[in-house]
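Worksheet for the structure shown next.
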Amino acid sequence: MAEHYSSFQRGGTRWLLQRVTAVFLIGVLAFHFFLLHFVNHASEITFMGTQARMSQFGYFATMWLFLVTATFHGVNGVYNALINQGLEGTRKNAVKWLLVLASLLLIAQGTRVAIAMTNLV
Amino acid sequence: MYEHDVIVVGAGGAGLRAAIAAHEEGADVALVTKLHPVRSHTGAAEGGINAALHEEDSWELHAYDTMKGSDYLADAPAVDTFARDAPEEVINLEHWGMPFSREEDGTVSQRPFGGLSHPRTTYAGAETGHHMLHTMYQQVVKRGIEVYDEWYVTNLAVTDHDDPEDRQCHGVVAYEIATGEIEGFRANDGVILATGGPGQAFDHTTNAIANTGDGAAMAYRAGVPMEDMEMIQFHPTTLPSTGVLISEGVRGEGGILYNDEGERLMYEYGYANNAGELASRDVVARAELTEVNEGRGIEDEYVDLDMRHLGEDRILDRLENILHLAEDFEGVDGLEEPMPVKPGQHYAMGGVECDENGETCIDGLYAAGETACVSLHGANRLGGNALPELLVFGARAGHHAAGRDMKEAEIQTGYSAKSEDGDVEPPVEPGAVGASGEDAAADGAVVDADQVLEHTIERERQRIEDLMEGDGLNHAEVRSEVQESMTANVNVFRQEENLREALRDIRHARERYEDVSVSDPSRTYNTDLIHTIETRNVLDVAEAIALGALARREFRGAHWRAEYQERRDEDWIKHTMLAWNDGTPELYYKPVLLESQWKEYEPKERSY
Amino acid sequence: MSTQTEPESETEIEESEAAATETESAVESPGDRRRREKQERATEREAERAEAEETLDEEETVQIKVFRYDPEVEGKQEPRFDDFHVPFFKGMTVLDALIYARDTYDSSLTFRHSCRQAVCGSDALFINGRQRLACQTQIADLDSETVRVEPLPHQDVVKDLVVDMEHFYDQMDSVEPYFDADELPEDDETQRQTPENREKVKMSTRCIWCGACMSSCNIAAEDNQYLGPAAINMAYRFAMDEREGEIRKEDRLKIVEQEHGVWRCQTQFSCTEVCPKDIPLTEHIQELKREAVKSNLKFW
Amino acid sequence: MSHSYDRGFIEDFGRWREFSAGMWAWIFHKFTGWVLIGYLFTHIAVLSTATASDPAVYTDTLQGLEALVIVRFLEVGLLAVAVFHILNGVRLLFVDLGVGLEAQDRSFYASLVLTGAITVASVPTFIGGVLA
Ligand SMILES: Cc1cc2nc3c(=O)[nH]c(=O)nc-3n(C[C@H](O)[C@H](O)[C@H](O)COP(=O)(O)OP(=O)(O)OC[C@H]3O[C@@H](n4cnc5c(N)ncnc54)[C@H](O)[C@@H]3O)c2cc1C
Ligand code: HEM
Ligand code: SF4
Ligand code: F3S
Ligand code: FES
């Protein structure tokens with residue numbers, strides 16, 4: 001019977017990753033918000049402050065992972081939502097690649113920005 | 001025109017089993033059914049399926065119980081075949097995944113049931129019928145058997161030889177409900193009728209609204225006799241407003257019946273001083289009705305079934321579904337107040353005459369399930385014996401129709417099996433009003449299969465045209481007239497005068513039916529039309545029941561006559577048969593076979 | 001006890017016949033009195049009923065607003081709601097009201113129904129804003145002056161309250177809805193199943209194919225390929241049945257794992273809420289998601 | 001899905017009035033998810049000012065934005081959105097694990113209430129700078 005359904009892609013991986021990233025995001029998002037709005041008030045943010053934080057390896061890595069997981073989680077969520085709306089066929093494929101492209105750009109740009117924020121360059 | 005080897009009409013338990021059986025034989029089989037298969041009324045059965053599975057049990061004991069339960073009106077070959085095949089059929093069902101209730105060791109549970117000498121009722125919770133129906137439908141899907149659902153079979157395509165025993169069935173004509181299309185279904189090897197019970201002949205019944213006795217009426221008009229139609233089982237505890245069944249379990253657990261004066265009627269009036277509420281179905285039903293007739297009924301209609309004293313815990317534990325039923329269908333909270341109950345029509349022991357292989361006297365026409373009368377249940381059906389009947393005789397009909405080589409039937413069918421002329425004097429002419437058209441066979445010219453179908457299609461087309469034309473009476477008026485009269489007059493208590501009254505009412509209704517027309521002009525899902533055609537069938541079946549009841553002048557099993565309060569074995573161990581006779585019904589008798597190839601039965605008093 | 005002997009009823013009948021013929025008999029026995037009273041009450045009720053029919057005022061009637069549509073009949077091609085006033089009785093269900101309206105006022109009013117006891121699944125309708133079985137819905141419980149009855153949302157309407165169920169049946173069929181064990185015992189032996197395992201699948205076997213769940217699910221409404229709660233529950237019923245065996249279970253998981261299978265469920269819970277058979281659909285879907293992930297993890 | 005008839009406003013505008021807890025949760029979660037991913041994109045865009053050769057651009061942009069009252073309010077909104085998404089996300093994670101299914105409606109209401117409370121509590125911190 002398996003070949004009968006081979007045209008279907010198993011959707012379990014993305015489902016699972018959506019949950020795993022969510023678990024990770026709970027912590028990081030809360031931390032992020034708390035740090036940048038409560039501890040360091042947003043209006044007092046300066047490049048200096050940012051640079052000081054980003055230059056710590058642990059913080060940098062966390063923020064970068066935050067970026068990647070959030071992008072995956074968000075974009076995958078949007079893609080799922082569109083399938084739920086009954087998106088099909090070529091349009092579905094087009095949307096899929098568009099979203100992949102957007103995520104890659106976002107991650108690339110985000111990474112560039114992040115590196116610019118450190119005192120490494 | 002569609003063409004298949006075997007056409008099964010009806011997809012309840014009997015139809016599905018027959019289709020699977022024919023498919024097992026390699027036949028190209030199709031199910032034609034007015035309801036989607038899973039909507040069939042087999043799904044309503046609660047209690048269970050009897051089969052001798054235990055080592056300490058035996059098919060002989062099951063056969064003995066069945067014969068005794070039938071009050072010696074069953075045919076021994078049918079009873080024995082049934083009891084022998086039932087275990088295998090139940091095992092089949094298990095192999096198909098039926099979710100039977102289980103014992104700790106993983107084997108199928110069996111529980112005791114009324115009238116059984118051994119606990120041999122297999123069950124699946126309180127929804128045995130539902131599971132059986134679905135399990136078999138699943139197998140139909142698995143085998144890829146063609147299902148034409150929401151196709152209403154309006155008539156059988158039968159050659160019009162003079163003698164019904166020369167006739168041959170070549171298929172059916174059906175009407176697609178969604179589109180209004182009329183089509184012929186040619187059956188190369190056989191047509192199996194499995195259209196279920198005739199409960200709608202009564203206005204208070206546990207049967208579904210779709211149980212209108214279509215198959216029985218169609219076969220009857222095609223020339224197959226109806227057998228023992230007077231044998232109708234009434235269930236003592238049904239909800240007054242809907243007829244929904246309140247299972248015997250409530251009384252089993254200790255529920256008590258009270259009349260309007262708050263008396264425990266079963267004891268107070270001595271209906272059953274030993275067994276009380278647990279007396280057999282017919283006794284309790286008669287007791288309740290006597291109370292009502294005596295003016296001690298509540299709102300002159302029902303009595304109360306009280307289970308409050310059992311305590312909330314016990315009720316929730318064992319009778320939870322009863323609480324839901326009372327709440328959903330009667331608006332009564334069984335924990336707070338007693339539940340109103342009254343007797344309701346439940347099961348028809350009689351039906352289309354056929355033999356152990358399901359074959360009727362018309363070549364190529366079979367019947368199975370509640371619509372058929374192999375004569376297994378005789379004058380009274382034991383609880384849990386109907387579902388295995390669907391399996392055993394459904395399978396046999398399927399196999400035989402598909403050409404399996406089976407032993408010759410011991411039961412004789414057709415007018416030639418007659419032993420005695422009937423002696424009934426109805427107060428009015430029974431049968432067709434101005435026998436013509438659909439009610440009588442034509443000139444005997446049409447015998448070729450395709451021609452027979454064409455001819456029948458044409459006739460059905462014309463009939464539907466006629467019904468759709470003009471503006472006359474709504475069939476619902478006629479239907480309720482018959483139903484009310486049947487419940488009032490051919491109920492648990494039967495008196496000569498009432499039976500005559502019923503026949504007069506039916507005649508009146510038949511005459512009114514001549515003026516009926518369908519007011520919905522649509523071809524799309526026209527249920528008005530379908531119900532109008534059904535009402536015609538209800539009329540024929542109701543009349544047969546009333547005629548049989550008038551003819552049988554004794555008290556046997558479910559059939560109680562005010563004038564004759566005894567079982568009269570010397571005269572009445574015989575089947576009441578009714579032949580349509582092209583519109584002028586003829587009553588006759590045929591002998592009951594108390595001997596089969598394996599055993600012989602001696603009539604005994606039916607006491608429990 | 002014997003069913004053959006019933007002395008008391010014989011005399012009662014004779015009595016009642018006597019009573020019927022000699023109505024002007026001087027001495028009235030208690031039985032006669034009761035019967036006479038009964039007769040009187042019956043006449044009274046009949047009179048009351050006749051009166052009631054004449055003056056059907058709002059107190060003892062319910063108003064049902066029913067969706068009407070027929071592609072063929074002029075005047076019904078444009079969907080509309082019709083009002084019917086139906087006399088109310090205790091225990092009346094929405095189905096009773098519909099039947100009354102059809103048989104008394106308009107025989108073209110069309111809806112599916114059969115069993116009247118919530119087992120055939122024919123009459124799932126949208127009643128006062130929720131998917132319910134008409135036969136299982138007490139009008140008194142709706143606590144509302146008018147009852148609004150519509151066909152199941154998100155399904156094509158064939159006519160009046162009848163919707164096209166084909167798509168629902170297709171989805172059911174697509175999960176291979178039949179028992180198919182890896183191996184079976186001898187012909188004369190049953191398979192074993194632990195009571196625990198039966199208990200586990202019990203709720204899932206209760207589905208009556210009414211389609212209420214599917215109609216209530218927003219995802220199923222938008223994504224036509226989504227298997228839907230009922231079909232997934234059907235798959236659950238077999239996948240969790242230990243009698244089928246591991247190989248078959250793998251295959252079954254593959255079916256529900258497809259893109260338009262379990263992953264589409266967004267745990268809206270409305271299916272679970274409307275199911276007339278109280279099947280915990282969301283729970284079953286979620287369990288299958290986990291099972292599917294587990295079985296995939298094995299190969300990583 | 002094609003309809004062979006027009007059910008008028010019922011089908012067009014949905015039956016939101018009849019939605020139950022689980023459906024609202026789905027709608028809110030969806031909405032908040034979209035807002036968040038939308039924010040992520042803009043956020044990165046704004047932060048891109050950091051790549052300019054002059055660090056002052058970054059500082060000025062951020063402080064300039066923060067000086068706007070509307071941005072402060074939007075931030076409160078963002079917090080509300082994020083908090084709800086997190087809380088309901090946790091609820092969904094439990095549902096995925098099959099835990100507390102019977103309480104799914106109550107846990108949704110709890111998420112709403114908590115979101116409201118946290119949002120209100122955060123207002124002083126957010127608005128503080130500009131209004132004071
Ligand atoms: C409430 C209740 C409880 C019961 N409990 C038990 C029990 O516990 N144990 C037991 O053994 N028995 C029980 N019975 C009896 C038993 O369930 C029935 O006798 C049996 O189910 C009848 O099955 P069937 O296949 O003959 O008919 P049904 O299941 O009624 O099926 C009839 C089929 O025929 C089709 N049909 C009818 N007319 C036409 C037509 N004109 N054209 C096309 N198709 C047509 C219908 O669509 C349907 O598919 C119970 C019965 C009731 C009512
Ligand atoms: C912080 C903790 C977060 C948790 C616990 C969380 C949880 C979840 C979960 C469980 C889902 C899946 C819902 C489903 O498929 O049924 C989801 C969907 C989604 N999430 Fe998150 N999420 C979090 C953060 C984020 C962030 C930071 C973003 C944005 C970048 C985001 C954007 C989305 C989007 C767009 C969806 C899809 C919504 C839809 O169905 O339309 N989430 N979230
Ligand atoms: S799961 Fe429940 S709601 Fe859905 S079809 Fe089955 S019985 Fe109806
Ligand atoms: S309503 Fe739909 S989204 Fe899932 S929980 Fe039920 S299938
Ligand atoms: S009529 Fe059968 S479920 Fe309502």
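Identifiers for the structure tokens are assigned positionally: chains receive A, B, ... in sequence, residues are indexed from 1 per chain, and ligands are indexed from 1 in the order shown.
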Could you list, as a PDB file with C-alpha atoms, in the first residue's frame, all the residues within 6 Å of ligand 2, counting only C-alpha atoms and all ligand atoms?
ATOM      1  CA  ARG A  19       6.956  22.255  18.434  1.00  0.00           C
ATOM      2  CA  ALA A  22       8.353  26.660  20.035  1.00  0.00           C
ATOM      3  CA  VAL A  23       9.781  25.203  23.212  1.00  0.00           C
ATOM      4  CA  LEU A  25      11.353  30.188  21.683  1.00  0.00           C
ATOM      5  CA  ILE A  26       9.361  30.319  24.876  1.00  0.00           C
ATOM      6  CA  LEU A  29      11.521  35.300  23.478  1.00  0.00           C
ATOM      7  CA  ALA A  70      11.993  32.120  14.962  1.00  0.00           C
ATOM      8  CA  THR A  71      12.324  32.371  11.214  1.00  0.00           C
ATOM      9  CA  HIS A  73       8.888  28.668  13.247  1.00  0.00           C
ATOM     10  CA  GLY A  74       7.233  31.748  11.840  1.00  0.00           C
ATOM     11  CA  GLY A  77       3.663  28.490  10.586  1.00  0.00           C
ATOM     12  CA  VAL A  78       2.617  30.777   7.784  1.00  0.00           C
ATOM     13  CA  ALA A  81      -1.701  28.227   7.685  1.00  0.00           C
TER      14      ALA A  81
ATOM     15  CA  GLN C 266      -5.204  22.765  14.460  1.00  0.00           C
TER      16      GLN C 266
ATOM     17  CA  HIS D  29      -2.983  32.143  17.735  1.00  0.00           C
ATOM     18  CA  LYS D  30      -2.927  32.520  14.007  1.00  0.00           C
ATOM     19  CA  GLY D  33       1.715  34.326  14.924  1.00  0.00           C
ATOM     20  CA  TRP D  34       1.372  36.422  11.789  1.00  0.00           C
ATOM     21  CA  LEU D  36       5.091  38.133  15.241  1.00  0.00           C
ATOM     22  CA  ILE D  37       6.613  36.963  11.991  1.00  0.00           C
ATOM     23  CA  LEU D  40      10.498  39.792  12.935  1.00  0.00           C
ATOM     24  CA  HIS D  85       1.170  33.553  21.568  1.00  0.00           C
ATOM     25  CA  ILE D  86       3.507  32.178  24.186  1.00  0.00           C
ATOM     26  CA  GLY D  89       1.566  28.141  22.494  1.00  0.00           C
ATOM     27  CA  VAL D  90       2.273  26.418  25.779  1.00  0.00           C
ATOM     28  CA  LEU D  92      -1.059  23.933  22.468  1.00  0.00           C
ATOM     29  CA  LEU D  93       2.104  22.094  23.411  1.00  0.00           C
TER      30      LEU D  93
END
field: Site check for ligand 4: residues at most 7 Å away, only C-alpha atoms and all ligand atoms, as a list in words
entry: Cys213, Ser216, Cys217, Asn218, Ile219, Ala220, Gly228, Pro229, Arg264, Cys265, Gln266, Thr267, Gln268, Phe269, Ser270, Cys271, Thr272, Leu281 and Thr282 of chain C
Take the selection from the previous step and output its residues with N, CA and C atoms, as an mmCIF file, in the first residue's frame.
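Saved to out_4.cif:
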data_model
loop_
_atom_site.group_PDB
_atom_site.id
_atom_site.type_symbol
_atom_site.label_atom_id
_atom_site.label_comp_id
_atom_site.auth_asym_id
_atom_site.auth_seq_id
_atom_site.Cartn_x
_atom_site.Cartn_y
_atom_site.Cartn_z
ATOM 1 N N CYS C 213 -18.923 16.492 12.736
ATOM 2 C CA CYS C 213 -17.573 16.927 13.087
ATOM 3 C C CYS C 213 -16.924 17.643 11.905
ATOM 4 N N SER C 216 -18.081 21.042 11.291
ATOM 5 C CA SER C 216 -17.756 22.060 12.295
ATOM 6 C C SER C 216 -16.311 22.507 12.206
ATOM 7 N N CYS C 217 -15.511 21.793 11.436
ATOM 8 C CA CYS C 217 -14.067 22.068 11.436
ATOM 9 C C CYS C 217 -13.715 23.096 10.368
ATOM 10 N N ASN C 218 -13.117 24.200 10.792
ATOM 11 C CA ASN C 218 -12.739 25.250 9.843
ATOM 12 C C ASN C 218 -11.684 24.799 8.858
ATOM 13 N N ILE C 219 -10.836 23.916 9.314
ATOM 14 C CA ILE C 219 -9.774 23.461 8.418
ATOM 15 C C ILE C 219 -10.388 22.617 7.303
ATOM 16 N N ALA C 220 -11.247 21.695 7.705
ATOM 17 C CA ALA C 220 -11.889 20.838 6.704
ATOM 18 C C ALA C 220 -12.686 21.682 5.718
ATOM 19 N N GLY C 228 -10.029 15.024 7.650
ATOM 20 C CA GLY C 228 -11.136 15.374 8.551
ATOM 21 C C GLY C 228 -11.176 14.479 9.766
ATOM 22 N N PRO C 229 -11.793 14.980 10.825
ATOM 23 C CA PRO C 229 -11.789 14.261 12.100
ATOM 24 C C PRO C 229 -12.405 12.861 12.036
ATOM 25 N N ARG C 264 -2.891 18.637 9.545
ATOM 26 C CA ARG C 264 -3.759 19.772 9.263
ATOM 27 C C ARG C 264 -4.608 20.156 10.472
ATOM 28 N N CYS C 265 -4.796 19.243 11.361
ATOM 29 C CA CYS C 265 -5.644 19.556 12.515
ATOM 30 C C CYS C 265 -4.995 20.624 13.374
ATOM 31 N N GLN C 266 -5.714 21.661 13.654
ATOM 32 C CA GLN C 266 -5.204 22.765 14.460
ATOM 33 C C GLN C 266 -5.824 22.750 15.850
ATOM 34 N N THR C 267 -6.244 21.588 16.257
ATOM 35 C CA THR C 267 -6.859 21.401 17.576
ATOM 36 C C THR C 267 -7.905 22.452 17.915
ATOM 37 N N GLN C 268 -8.833 22.596 17.032
ATOM 38 C CA GLN C 268 -9.930 23.539 17.292
ATOM 39 C C GLN C 268 -10.955 22.978 18.264
ATOM 40 N N PHE C 269 -10.968 21.685 18.405
ATOM 41 C CA PHE C 269 -11.866 21.006 19.355
ATOM 42 C C PHE C 269 -13.346 21.074 19.002
ATOM 43 N N SER C 270 -13.702 21.791 17.957
ATOM 44 C CA SER C 270 -15.140 21.882 17.697
ATOM 45 C C SER C 270 -15.704 20.522 17.276
ATOM 46 N N CYS C 271 -14.874 19.719 16.600
ATOM 47 C CA CYS C 271 -15.335 18.379 16.222
ATOM 48 C C CYS C 271 -15.728 17.599 17.473
ATOM 49 N N THR C 272 -14.840 17.646 18.460
ATOM 50 C CA THR C 272 -15.096 16.911 19.703
ATOM 51 C C THR C 272 -16.360 17.426 20.379
ATOM 52 N N LEU C 281 -12.484 13.158 19.583
ATOM 53 C CA LEU C 281 -11.791 13.192 18.293
ATOM 54 C C LEU C 281 -10.427 13.863 18.362
ATOM 55 N N THR C 282 -10.387 15.050 19.007
ATOM 56 C CA THR C 282 -9.125 15.772 19.040
ATOM 57 C C THR C 282 -8.055 14.925 19.717
#
message: Tell me as an MDAnalysis selection string which residues belonging to chain A come within 10 Å of chain D, counting only C-alpha atoms.
response: chainID A and resid 19:20 22:23 25:27 29:30 33 37:38 41:51 67 70:75 77:78 81 86 102:103 106:107 109:118
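CA of Lys574 (chain B) lies 4.9 Å from CA of Val592 (chain B).
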- prompt: B:Ile530, B:Val158, B:Ala27, B:Ala488: which is nearest ligand 1, counting only C-alpha atoms and all ligand atoms?
  reply: B:Ile530
- prompt: Which chains and residue numbers are within 7 Å of ligand 1, counting only C-alpha atoms and all ligand atoms, if I want them as number ranges by chain?
  reply: B: 9-15, 32-37, 39-49, 128-129, 151-154, 194-197, 206-207, 210-215, 244-245, 346-347, 368-371, 383-388, 390
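When CA of Ser596 (chain B) is paired with CA of His377 (chain B), their separation reads 15.4 Å.
For Pro585 (chain B), the residues within 9 Å (counting only C-alpha atoms, excluding itself and residues fewer than 2 positions away along the chain) are Pro430, Gly431, Ala432, Ala544, Leu578, Ala579, Trp580, Asn581, Asp582, Gly583 and Leu587 of chain B.
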Dump as JSON lines the rows for residues of chain C within 10 Å of chain D: closest atom pair and distance in Å with one decimal, only C-alpha atoms counted, ordered by chain and rising residue number.
{"residue": "C:Phe67", "atom": "CA", "partner": "D:Arg7", "partner_atom": "CA", "distance": 9.4}
{"residue": "C:Tyr69", "atom": "CA", "partner": "D:Tyr5", "partner_atom": "CA", "distance": 8.3}
{"residue": "C:Asp70", "atom": "CA", "partner": "D:Tyr5", "partner_atom": "CA", "distance": 9.1}
{"residue": "C:Pro71", "atom": "CA", "partner": "D:Tyr5", "partner_atom": "CA", "distance": 7.9}
{"residue": "C:Gln77", "atom": "CA", "partner": "D:Tyr5", "partner_atom": "CA", "distance": 8.1}
{"residue": "C:Glu78", "atom": "CA", "partner": "D:Asp6", "partner_atom": "CA", "distance": 7.8}
{"residue": "C:Pro79", "atom": "CA", "partner": "D:Arg7", "partner_atom": "CA", "distance": 6.6}
{"residue": "C:Arg80", "atom": "CA", "partner": "D:Arg7", "partner_atom": "CA", "distance": 8.6}
{"residue": "C:Asn128", "atom": "CA", "partner": "D:Glu18", "partner_atom": "CA", "distance": 9.1}
{"residue": "C:Gly129", "atom": "CA", "partner": "D:Glu18", "partner_atom": "CA", "distance": 5.9}
{"residue": "C:Arg130", "atom": "CA", "partner": "D:Glu18", "partner_atom": "CA", "distance": 7.2}
{"residue": "C:Glu150", "atom": "CA", "partner": "D:Arg7", "partner_atom": "CA", "distance": 10.0}
{"residue": "C:Pro153", "atom": "CA", "partner": "D:Glu11", "partner_atom": "CA", "distance": 7.7}
{"residue": "C:His154", "atom": "CA", "partner": "D:Met1", "partner_atom": "CA", "distance": 7.9}
{"residue": "C:Gln155", "atom": "CA", "partner": "D:His3", "partner_atom": "CA", "distance": 7.6}
{"residue": "C:Asp156", "atom": "CA", "partner": "D:His3", "partner_atom": "CA", "distance": 5.3}
{"residue": "C:Val157", "atom": "CA", "partner": "D:Ser4", "partner_atom": "CA", "distance": 6.8}
{"residue": "C:Val158", "atom": "CA", "partner": "D:Ser4", "partner_atom": "CA", "distance": 7.9}
{"residue": "C:Lys159", "atom": "CA", "partner": "D:Tyr5", "partner_atom": "CA", "distance": 9.7}
{"residue": "C:Ser216", "atom": "CA", "partner": "D:Phe19", "partner_atom": "CA", "distance": 9.3}
{"residue": "C:Cys217", "atom": "CA", "partner": "D:Met23", "partner_atom": "CA", "distance": 8.8}
{"residue": "C:Asn218", "atom": "CA", "partner": "D:Met23", "partner_atom": "CA", "distance": 8.2}
{"residue": "C:Ala220", "atom": "CA", "partner": "D:Met1", "partner_atom": "CA", "distance": 9.9}
{"residue": "C:Ala221", "atom": "CA", "partner": "D:Met1", "partner_atom": "CA", "distance": 7.4}
{"residue": "C:Glu222", "atom": "CA", "partner": "D:Met1", "partner_atom": "CA", "distance": 6.9}
{"residue": "C:Asp223", "atom": "CA", "partner": "D:Met1", "partner_atom": "CA", "distance": 8.1}
{"residue": "C:Asn224", "atom": "CA", "partner": "D:Met1", "partner_atom": "CA", "distance": 6.8}
{"residue": "C:Gln266", "atom": "CA", "partner": "D:Trp26", "partner_atom": "CA", "distance": 6.9}
{"residue": "C:Thr267", "atom": "CA", "partner": "D:Gly22", "partner_atom": "CA", "distance": 7.0}
{"residue": "C:Gln268", "atom": "CA", "partner": "D:Gly22", "partner_atom": "CA", "distance": 4.4}
{"residue": "C:Phe269", "atom": "CA", "partner": "D:Gly22", "partner_atom": "CA", "distance": 5.4}
{"residue": "C:Ser270", "atom": "CA", "partner": "D:Gly22", "partner_atom": "CA", "distance": 6.6}
{"residue": "C:Cys271", "atom": "CA", "partner": "D:Gly22", "partner_atom": "CA", "distance": 9.9}
{"residue": "C:Glu273", "atom": "CA", "partner": "D:Ser20", "partner_atom": "CA", "distance": 8.8}
{"residue": "C:Pro280", "atom": "CA", "partner": "D:Leu101", "partner_atom": "CA", "distance": 9.3}
{"residue": "C:Thr282", "atom": "CA", "partner": "D:Leu101", "partner_atom": "CA", "distance": 8.4}
{"residue": "C:Glu283", "atom": "CA", "partner": "D:Gly98", "partner_atom": "CA", "distance": 6.5}
{"residue": "C:His284", "atom": "CA", "partner": "D:Gly98", "partner_atom": "CA", "distance": 9.1}
{"residue": "C:Ile285", "atom": "CA", "partner": "D:Asp96", "partner_atom": "CA", "distance": 9.4}
{"residue": "C:Gln286", "atom": "CA", "partner": "D:Asp96", "partner_atom": "CA", "distance": 5.8}
{"residue": "C:Glu287", "atom": "CA", "partner": "D:Gly98", "partner_atom": "CA", "distance": 7.0}
{"residue": "C:Lys289", "atom": "CA", "partner": "D:Asp96", "partner_atom": "CA", "distance": 8.1}
{"residue": "C:Arg290", "atom": "CA", "partner": "D:Leu97", "partner_atom": "CA", "distance": 7.7}
task: List all protein, DNA and RNA residues that have any atom at most 6 Å from ligand 3, counting only C-alpha atoms and all ligand atoms, and write the list as a PyMOL selection string.
output: chain C and resi 207-213+230+275-277+279
query: Given a cut-off of 9 Å, what residues near ligand 5 show up using only C-alpha atoms and all ligand atoms, put as a ChimeraX atom specification?
result: /B:39,41,208-209 /C:95,112-124,133-136,208,210
